[in-house]
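S.K.: Dropping a structure here in structure tokens format, bear with me for questions.
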Amino acid sequence: MRILTISKSKNLISIVGTRPQFIKAAVVSKLIREDFNQDLKEKIIHTGQHYDKNMSANFFKELQIPKPDYNLGIGSGEHGYQTGRMLIEIEKKLSKERTDVVLVYGDTNSTLAGALGAVKLHIPVAHIEAGLRSFNKKMPEEINRVLTDHISSLLFCPTKTAVENLKKEGITKGVYQSGDVMWDSLIHYKDKIKNSKILLKLNLKLKKYYLVTIHRANTVDNWENLKNILDSLERVNQQVIFPLHPRTKKMIKNNHYSISNSKINFIKPVGYIDALALQKNALAVLTDSGGVQKEAYFFKVPCITLREETEWIETVKSGWNAIVGIDKEKINKTLNNLSRKNISHPNFYGDGKAGERITQILKKVI
């Protein structure tokens, strides 16, 4: 791994590919490009891992992220195939650019491909959202996290727990507890959330509906797992809003599953602001998404996680998040016993200035 040295030129390449990464990158890119001194110059590579218009192009527009300098258009595919194609194309782009650091986000195939492409060219890697662990190595995301952390030179951790996780793995150099950039984003867009018309459009009343989001391969690609979740929703008496990820929609269609509960409303994926508005005003959120678990916590909305573990363990320890897996009985029992009265709500995720902290550190060390 190349040792970080002071350089007059500070050229940064951000690599993104999925909806959560667009949200995080919007915070950091905005700060980089608004810097009067232009200490950092950024270019963006979009792998195309998320390519549906509602999950890609619309997000760039809504979050005012600069148009990517490179769009690789990789699309979907098996993990090895997708990651390999990304790595090939990222290496080509990095080889032609003079780059001082490559910035990657989170735990997707785009994250790992970006980190591998950089480190093999002896370019330092900065990982935002480092140190998270679910301790389930059957999850592709867990492999991506661990490998990326072990080849990164700068590791920006959202929480104290993340810092401790890295320490246990022998990673102590270049580690910073920065806070969470998604918290920054929510604070920045809070006024726009108030102006969202999505509840009016869907004829929803405050705290009178459940929001469901599922997209992970382990949940969706296994039909029995997905069917268990859908069957549990059939029993729900409350209104259910269910934005359908393309993968989820395809699986339901391919298995000819039809919903008999008229309270369940499948909708297309929504933009970032509308998604936040739906989360903020829900009675509860059911999800397999790490980011949505965290956003539910930000809004003090009870969350039911449709997985066997979570990387955001603080939300569980505080009592705001329940891990139920895909067990129908557990899902419905937890929904029927929701109560968050008199439960404390500690701030685990920083002061809303994680992006500022990250950009200042980048300016100093690259």
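Order determines the names: the first chain of the structure tokens is A, the second B, and so forth; residues in each chain are numbered 1 upward, and ligands are numbered 1 upward as they are shown.
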Which residues come within 12 Å of Asn255 (chain A), counting only C-alpha atoms, excluding same-chain residues fewer than 3 positions away, as a count of residues only?
M.R.: 13
S.K.: Output as a tab-separated table one row per residue of region 265-362 of chain A within 8 Å of region 159-180 of chain A: the closest atom pair and its distance in Å to one decimal place, counting only C-alpha atoms, sorted by chain and residue number ascending.
M.R.:
```
residue	atom	partner	partner_atom	distance
A:Phe348	CA	A:Thr159	CA	6.3
A:Tyr349	CA	A:Gly179	CA	5.2
A:Gly350	CA	A:Gly179	CA	4.4
A:Asp351	CA	A:Gly179	CA	7.0
A:Gly352	CA	A:Asp180	CA	7.3
A:Lys353	CA	A:Gly179	CA	7.3
A:Ala354	CA	A:Gly179	CA	4.8
A:Gly355	CA	A:Ser178	CA	7.9
A:Arg357	CA	A:Ser178	CA	6.2
A:Ile358	CA	A:Ser178	CA	6.5
```
S.K.: Could the residues in this selection be saved with C-alpha atoms as a PDB file, in the first residue's frame?
M.R.:
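Output file out25.pdb is given in full below:
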```
ATOM      1  CA  PHE A 348     -24.779   7.699  18.215  1.00  0.00           C
ATOM      2  CA  TYR A 349     -24.122   9.287  14.844  1.00  0.00           C
ATOM      3  CA  GLY A 350     -22.379  12.585  15.409  1.00  0.00           C
ATOM      4  CA  ASP A 351     -23.177  16.265  15.205  1.00  0.00           C
ATOM      5  CA  GLY A 352     -24.254  16.571  11.585  1.00  0.00           C
ATOM      6  CA  LYS A 353     -20.807  17.734  10.483  1.00  0.00           C
ATOM      7  CA  ALA A 354     -19.298  14.435   9.377  1.00  0.00           C
ATOM      8  CA  GLY A 355     -18.872  15.662   5.801  1.00  0.00           C
ATOM      9  CA  ARG A 357     -14.748  16.619   9.161  1.00  0.00           C
ATOM     10  CA  ILE A 358     -13.997  14.188   6.332  1.00  0.00           C
TER      11      ILE A 358
END
```
S.K.: Could you name the residues that touch Asn144 (chain A) at 9 Å or less, counting only C-alpha atoms, but leaving out those on the same chain fewer than 4 positions away, as a PDB file with N, CA and C atoms, in the first residue's frame?
M.R.:
```pdb
ATOM      1  N   GLY A 106     -19.474   2.829   1.807  1.00  0.00           N
ATOM      2  CA  GLY A 106     -20.327   1.717   2.177  1.00  0.00           C
ATOM      3  C   GLY A 106     -19.781   0.336   1.938  1.00  0.00           C
ATOM      4  N   ASP A 107     -20.618  -0.542   1.347  1.00  0.00           N
ATOM      5  CA  ASP A 107     -20.309  -1.973   1.357  1.00  0.00           C
ATOM      6  C   ASP A 107     -20.789  -2.725   0.118  1.00  0.00           C
ATOM      7  N   THR A 108     -20.912  -2.044  -0.999  1.00  0.00           N
ATOM      8  CA  THR A 108     -21.439  -2.698  -2.195  1.00  0.00           C
ATOM      9  C   THR A 108     -20.311  -3.248  -3.070  1.00  0.00           C
ATOM     10  N   ASN A 109     -20.694  -3.918  -4.154  1.00  0.00           N
ATOM     11  CA  ASN A 109     -19.694  -4.386  -5.111  1.00  0.00           C
ATOM     12  C   ASN A 109     -18.919  -3.217  -5.718  1.00  0.00           C
ATOM     13  N   THR A 111     -18.096  -0.572  -4.100  1.00  0.00           N
ATOM     14  CA  THR A 111     -17.121  -0.208  -3.066  1.00  0.00           C
ATOM     15  C   THR A 111     -15.859  -1.051  -3.204  1.00  0.00           C
ATOM     16  N   LEU A 112     -16.052  -2.362  -3.244  1.00  0.00           N
ATOM     17  CA  LEU A 112     -14.910  -3.271  -3.305  1.00  0.00           C
ATOM     18  C   LEU A 112     -14.142  -3.118  -4.611  1.00  0.00           C
ATOM     19  N   ALA A 113     -14.851  -3.034  -5.722  1.00  0.00           N
ATOM     20  CA  ALA A 113     -14.180  -2.888  -7.017  1.00  0.00           C
ATOM     21  C   ALA A 113     -13.368  -1.598  -7.060  1.00  0.00           C
ATOM     22  N   MET A 139     -23.069 -12.814   4.031  1.00  0.00           N
ATOM     23  CA  MET A 139     -23.554 -11.606   3.365  1.00  0.00           C
ATOM     24  C   MET A 139     -22.460 -11.052   2.462  1.00  0.00           C
ATOM     25  N   PRO A 140     -22.723 -10.851   1.174  1.00  0.00           N
ATOM     26  CA  PRO A 140     -21.723 -10.241   0.290  1.00  0.00           C
ATOM     27  C   PRO A 140     -21.247  -8.895   0.819  1.00  0.00           C
ATOM     28  N   THR A 148     -12.456  -4.096   2.016  1.00  0.00           N
ATOM     29  CA  THR A 148     -12.209  -2.677   1.751  1.00  0.00           C
ATOM     30  C   THR A 148     -11.485  -2.022   2.923  1.00  0.00           C
ATOM     31  N   ASP A 149     -11.914  -2.316   4.140  1.00  0.00           N
ATOM     32  CA  ASP A 149     -11.255  -1.731   5.306  1.00  0.00           C
ATOM     33  C   ASP A 149      -9.784  -2.131   5.395  1.00  0.00           C
TER      34      ASP A 149
END
```
S.K.: Of the candidates A:Glu329, A:Asp191, A:Asp288, A:Glu141, which shows the shortest atom-to-atom distance to Ser232 (chain A), using only C-alpha atoms?
M.R.: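 Counting only C-alpha atoms, the residue closest to Ser232 (chain A) is A:Glu329.
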S.K.: Closest to Ile23 (chain A) among A:Gly319, A:Gly117, A:Gly325, A:Gly291, using only C-alpha atoms?
M.R.: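 Selected residue with least distance to Ile23 (chain A): A:Gly291.
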S.K.: Leaving out Leu286 (chain A) and any residue of its chain fewer than 6 positions from it, which residues lie within 6 Å of it when counting only C-alpha atoms, given as a short mmCIF file (atom, residue, chain, number, x, y, z; two decimals) with C-alpha atoms, in the first residue's frame?
M.R.:
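The file below, selection.cif, is the result:
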```
data_model
loop_
_atom_site.label_atom_id
_atom_site.label_comp_id
_atom_site.auth_asym_id
_atom_site.auth_seq_id
_atom_site.Cartn_x
_atom_site.Cartn_y
_atom_site.Cartn_z
CA VAL A 212 -41.82 -1.76 3.84
CA CYS A 303 -37.94 -0.38 12.94
CA ILE A 304 -38.40 -4.10 12.32
CA THR A 305 -35.36 -5.55 10.57
#
```
S.K.: Find the residues near Leu206 (chain A): any atom within 10 Å, counting only C-alpha atoms, skip ones fewer than 6 places away on the same chain, and give them as a ChimeraX atom specification.
M.R.: /A:199,278,280-283
S.K.: Write the residues of the preceding selection, restricted to N, CA and C atoms, as a short mmCIF file (atom, residue, chain, number, x, y, z; two decimals), in the first residue's frame.
M.R.:
```cif
data_model
loop_
_atom_site.label_atom_id
_atom_site.label_comp_id
_atom_site.auth_asym_id
_atom_site.auth_seq_id
_atom_site.Cartn_x
_atom_site.Cartn_y
_atom_site.Cartn_z
N LEU A 199 -47.35 11.97 0.95
CA LEU A 199 -48.44 11.46 1.79
C LEU A 199 -49.79 11.85 1.21
N LEU A 278 -41.83 9.46 3.84
CA LEU A 278 -42.57 8.23 4.16
C LEU A 278 -42.04 7.58 5.43
N LYS A 280 -40.36 9.13 7.96
CA LYS A 280 -40.60 10.00 9.12
C LYS A 280 -42.02 9.87 9.66
N ASN A 281 -42.99 9.68 8.79
CA ASN A 281 -44.39 9.71 9.19
C ASN A 281 -45.03 8.34 9.34
N ALA A 282 -44.23 7.28 9.20
CA ALA A 282 -44.75 5.92 9.33
C ALA A 282 -44.97 5.54 10.80
N LEU A 283 -45.88 4.64 11.02
CA LEU A 283 -46.07 4.06 12.36
C LEU A 283 -44.88 3.17 12.70
#
```
S.K.: So, counting only C-alpha atoms, which residue among A:His122, A:Lys253, A:Arg133, A:His215 is closest to Pro269 (chain A)?
M.R.: A:His215
S.K.: Using DSSP secondary structure from the backbone, list all strand (DSSP E) positions within region 86-262 of chain A, as a list in words.
M.R.: Val101, Val102, Leu103, Val104, Tyr105, Val125, Ala126, His127, Ile128, Leu154, Leu155, Phe156, Cys157, Val175, Tyr176, Gln177, Tyr209, Tyr210, Leu211, Val212, Thr213, Gln239, Val240, Ile241, Phe242 and Pro243 of chain A
S.K.: Among region 188-304 of chain A, which ones does DSSP assign to alpha helix (DSSP H) (computed from the backbone)? Answer as an mmCIF file with N, CA and C atoms, in the first residue's frame.
M.R.:
```cif
data_model
loop_
_atom_site.group_PDB
_atom_site.id
_atom_site.type_symbol
_atom_site.label_atom_id
_atom_site.label_comp_id
_atom_site.auth_asym_id
_atom_site.auth_seq_id
_atom_site.Cartn_x
_atom_site.Cartn_y
_atom_site.Cartn_z
ATOM 1 N N HIS A 188 -29.660 18.444 6.403
ATOM 2 C CA HIS A 188 -29.629 19.389 5.282
ATOM 3 C C HIS A 188 -30.978 19.456 4.561
ATOM 4 N N LYS A 190 -34.053 18.607 5.784
ATOM 5 C CA LYS A 190 -35.219 18.508 6.656
ATOM 6 C C LYS A 190 -36.369 19.418 6.228
ATOM 7 N N ASP A 191 -36.054 20.606 5.704
ATOM 8 C CA ASP A 191 -37.125 21.504 5.259
ATOM 9 C C ASP A 191 -37.831 20.960 4.021
ATOM 10 N N LYS A 192 -37.060 20.344 3.128
ATOM 11 C CA LYS A 192 -37.675 19.761 1.929
ATOM 12 C C LYS A 192 -38.570 18.577 2.279
ATOM 13 N N ILE A 193 -38.201 17.853 3.343
ATOM 14 C CA ILE A 193 -39.032 16.727 3.782
ATOM 15 C C ILE A 193 -40.422 17.238 4.167
ATOM 16 N N LYS A 194 -40.453 18.364 4.846
ATOM 17 C CA LYS A 194 -41.733 18.956 5.263
ATOM 18 C C LYS A 194 -42.604 19.314 4.063
ATOM 19 N N ILE A 198 -45.835 13.469 -0.909
ATOM 20 C CA ILE A 198 -46.041 12.039 -1.126
ATOM 21 C C ILE A 198 -47.180 11.472 -0.271
ATOM 22 N N LEU A 199 -47.345 11.969 0.951
ATOM 23 C CA LEU A 199 -48.440 11.456 1.790
ATOM 24 C C LEU A 199 -49.791 11.850 1.211
ATOM 25 N N LEU A 200 -49.871 13.068 0.704
ATOM 26 C CA LEU A 200 -51.106 13.532 0.084
ATOM 27 C C LEU A 200 -51.399 12.725 -1.177
ATOM 28 N N LYS A 201 -50.359 12.489 -1.957
ATOM 29 C CA LYS A 201 -50.498 11.736 -3.207
ATOM 30 C C LYS A 201 -51.003 10.315 -2.951
ATOM 31 N N ALA A 217 -30.243 -9.546 -1.619
ATOM 32 C CA ALA A 217 -30.290 -10.823 -2.342
ATOM 33 C C ALA A 217 -30.776 -11.952 -1.445
ATOM 34 N N ASN A 218 -30.314 -12.012 -0.209
ATOM 35 C CA ASN A 218 -30.688 -13.098 0.693
ATOM 36 C C ASN A 218 -32.176 -13.075 1.012
ATOM 37 N N THR A 219 -32.760 -11.885 0.989
ATOM 38 C CA THR A 219 -34.185 -11.754 1.268
ATOM 39 C C THR A 219 -35.019 -12.029 0.021
ATOM 40 N N VAL A 220 -34.603 -11.438 -1.072
ATOM 41 C CA VAL A 220 -35.444 -11.400 -2.269
ATOM 42 C C VAL A 220 -35.212 -12.583 -3.214
ATOM 43 N N TRP A 223 -37.083 -17.329 -2.793
ATOM 44 C CA TRP A 223 -38.519 -17.117 -2.853
ATOM 45 C C TRP A 223 -39.219 -17.443 -1.535
ATOM 46 N N GLU A 224 -38.773 -18.487 -0.839
ATOM 47 C CA GLU A 224 -39.403 -18.835 0.424
ATOM 48 C C GLU A 224 -39.255 -17.712 1.442
ATOM 49 N N ASN A 225 -38.089 -17.085 1.469
ATOM 50 C CA ASN A 225 -37.871 -15.961 2.373
ATOM 51 C C ASN A 225 -38.792 -14.798 2.044
ATOM 52 N N LEU A 226 -38.841 -14.456 0.763
ATOM 53 C CA LEU A 226 -39.692 -13.345 0.335
ATOM 54 C C LEU A 226 -41.165 -13.658 0.579
ATOM 55 N N LYS A 227 -41.561 -14.882 0.307
ATOM 56 C CA LYS A 227 -42.955 -15.275 0.494
ATOM 57 C C LYS A 227 -43.354 -15.202 1.966
ATOM 58 N N ASN A 228 -42.454 -15.575 2.859
ATOM 59 C CA ASN A 228 -42.754 -15.464 4.293
ATOM 60 C C ASN A 228 -43.077 -14.030 4.676
ATOM 61 N N ILE A 229 -42.301 -13.097 4.140
ATOM 62 C CA ILE A 229 -42.536 -11.680 4.450
ATOM 63 C C ILE A 229 -43.873 -11.226 3.874
ATOM 64 N N LEU A 230 -44.114 -11.578 2.624
ATOM 65 C CA LEU A 230 -45.378 -11.196 1.983
ATOM 66 C C LEU A 230 -46.575 -11.806 2.713
ATOM 67 N N ASP A 231 -46.438 -13.062 3.140
ATOM 68 C CA ASP A 231 -47.529 -13.725 3.867
ATOM 69 C C ASP A 231 -47.801 -13.028 5.200
ATOM 70 N N SER A 232 -46.739 -12.555 5.848
ATOM 71 C CA SER A 232 -46.934 -11.847 7.127
ATOM 72 C C SER A 232 -47.665 -10.531 6.900
ATOM 73 N N LEU A 233 -47.371 -9.874 5.782
ATOM 74 C CA LEU A 233 -48.051 -8.606 5.477
ATOM 75 C C LEU A 233 -49.532 -8.827 5.186
ATOM 76 N N GLU A 234 -49.869 -10.004 4.684
ATOM 77 C CA GLU A 234 -51.273 -10.320 4.410
ATOM 78 C C GLU A 234 -52.127 -10.255 5.682
ATOM 79 N N PRO A 246 -36.658 -3.098 -8.138
ATOM 80 C CA PRO A 246 -36.796 -3.905 -9.359
ATOM 81 C C PRO A 246 -36.589 -5.400 -9.142
ATOM 82 N N ARG A 247 -35.627 -5.757 -8.281
ATOM 83 C CA ARG A 247 -35.366 -7.179 -8.006
ATOM 84 C C ARG A 247 -36.571 -7.825 -7.307
ATOM 85 N N THR A 248 -37.153 -7.090 -6.355
ATOM 86 C CA THR A 248 -38.299 -7.604 -5.617
ATOM 87 C C THR A 248 -39.505 -7.760 -6.539
ATOM 88 N N LYS A 249 -39.724 -6.751 -7.346
ATOM 89 C CA LYS A 249 -40.842 -6.788 -8.300
ATOM 90 C C LYS A 249 -40.734 -7.978 -9.245
ATOM 91 N N LYS A 250 -39.535 -8.216 -9.753
ATOM 92 C CA LYS A 250 -39.307 -9.312 -10.685
ATOM 93 C C LYS A 250 -39.598 -10.661 -10.033
ATOM 94 N N MET A 251 -39.168 -10.818 -8.781
ATOM 95 C CA MET A 251 -39.354 -12.089 -8.074
ATOM 96 C C MET A 251 -40.834 -12.359 -7.814
ATOM 97 N N ILE A 252 -41.565 -11.334 -7.407
ATOM 98 C CA ILE A 252 -43.006 -11.492 -7.156
ATOM 99 C C ILE A 252 -43.730 -11.873 -8.447
ATOM 100 N N LYS A 253 -43.372 -11.198 -9.530
ATOM 101 C CA LYS A 253 -44.001 -11.467 -10.823
ATOM 102 C C LYS A 253 -43.681 -12.874 -11.316
ATOM 103 N N ASN A 254 -42.420 -13.273 -11.205
ATOM 104 C CA ASN A 254 -42.002 -14.584 -11.694
ATOM 105 C C ASN A 254 -42.661 -15.736 -10.945
ATOM 106 N N TYR A 272 -35.456 10.509 -3.020
ATOM 107 C CA TYR A 272 -34.874 10.577 -1.676
ATOM 108 C C TYR A 272 -35.756 11.346 -0.702
ATOM 109 N N ILE A 273 -36.208 12.520 -1.087
ATOM 110 C CA ILE A 273 -37.003 13.355 -0.182
ATOM 111 C C ILE A 273 -38.323 12.661 0.157
ATOM 112 N N ASP A 274 -38.982 12.098 -0.846
ATOM 113 C CA ASP A 274 -40.243 11.392 -0.596
ATOM 114 C C ASP A 274 -40.017 10.148 0.260
ATOM 115 N N ALA A 275 -38.898 9.473 0.056
ATOM 116 C CA ALA A 275 -38.584 8.295 0.874
ATOM 117 C C ALA A 275 -38.425 8.682 2.332
ATOM 118 N N LEU A 276 -37.740 9.798 2.570
ATOM 119 C CA LEU A 276 -37.566 10.272 3.943
ATOM 120 C C LEU A 276 -38.902 10.679 4.566
ATOM 121 N N ALA A 277 -39.747 11.323 3.773
ATOM 122 C CA ALA A 277 -41.066 11.728 4.274
ATOM 123 C C ALA A 277 -41.899 10.514 4.666
ATOM 124 N N LEU A 278 -41.833 9.457 3.843
ATOM 125 C CA LEU A 278 -42.569 8.227 4.156
ATOM 126 C C LEU A 278 -42.041 7.583 5.433
ATOM 127 N N GLN A 279 -40.720 7.605 5.619
ATOM 128 C CA GLN A 279 -40.141 7.019 6.825
ATOM 129 C C GLN A 279 -40.520 7.829 8.065
ATOM 130 N N LYS A 280 -40.363 9.128 7.964
ATOM 131 C CA LYS A 280 -40.601 10.000 9.118
ATOM 132 C C LYS A 280 -42.016 9.869 9.663
ATOM 133 N N GLY A 290 -29.731 -1.511 5.627
ATOM 134 C CA GLY A 290 -28.989 -0.885 6.711
ATOM 135 C C GLY A 290 -29.265 0.597 6.801
ATOM 136 N N GLY A 291 -29.275 1.280 5.661
ATOM 137 C CA GLY A 291 -29.510 2.716 5.645
ATOM 138 C C GLY A 291 -30.887 3.094 6.156
ATOM 139 N N VAL A 292 -31.892 2.319 5.794
ATOM 140 C CA VAL A 292 -33.260 2.616 6.227
ATOM 141 C C VAL A 292 -33.410 2.376 7.733
ATOM 142 N N GLN A 293 -32.740 1.344 8.254
ATOM 143 C CA GLN A 293 -32.749 1.129 9.708
ATOM 144 C C GLN A 293 -32.271 2.384 10.430
ATOM 145 N N LYS A 294 -31.181 2.923 9.916
ATOM 146 C CA LYS A 294 -30.562 4.088 10.533
ATOM 147 C C LYS A 294 -31.448 5.330 10.392
ATOM 148 N N GLU A 295 -32.028 5.526 9.214
ATOM 149 C CA GLU A 295 -32.902 6.683 9.006
ATOM 150 C C GLU A 295 -34.139 6.599 9.891
ATOM 151 N N ALA A 296 -34.678 5.389 10.063
ATOM 152 C CA ALA A 296 -35.811 5.219 10.982
ATOM 153 C C ALA A 296 -35.416 5.657 12.389
ATOM 154 N N TYR A 297 -34.198 5.299 12.788
ATOM 155 C CA TYR A 297 -33.711 5.706 14.109
ATOM 156 C C TYR A 297 -33.594 7.230 14.200
ATOM 157 N N PHE A 298 -33.060 7.845 13.148
ATOM 158 C CA PHE A 298 -32.956 9.308 13.135
ATOM 159 C C PHE A 298 -34.315 9.955 13.405
#
```
S.K.: Could you check the closest approach to Ile366 (chain A) for each of A:Leu72, A:Leu94, A:Ala115, A:Val125 and tell me which residue wins, using only C-alpha atoms?
M.R.: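 Between A:Leu72, A:Leu94, A:Ala115, A:Val125, the residue approaching Ile366 (chain A) most closely is A:Val125.
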S.K.: Between A:Asp100, A:Asp69, A:Glu89, A:Glu62, which one has atoms that come closest to Val365 (chain A), using only C-alpha atoms?
M.R.: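 The closest residue to Val365 (chain A) is A:Asp100.
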S.K.: Considering only C-alpha atoms, state which residue in the set A:Lys137, A:Leu116, A:Ile241, A:Asp39 is at the smallest distance from Glu309 (chain A).
M.R.: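 Result for the nearest residue to Glu309 (chain A): A:Lys137.
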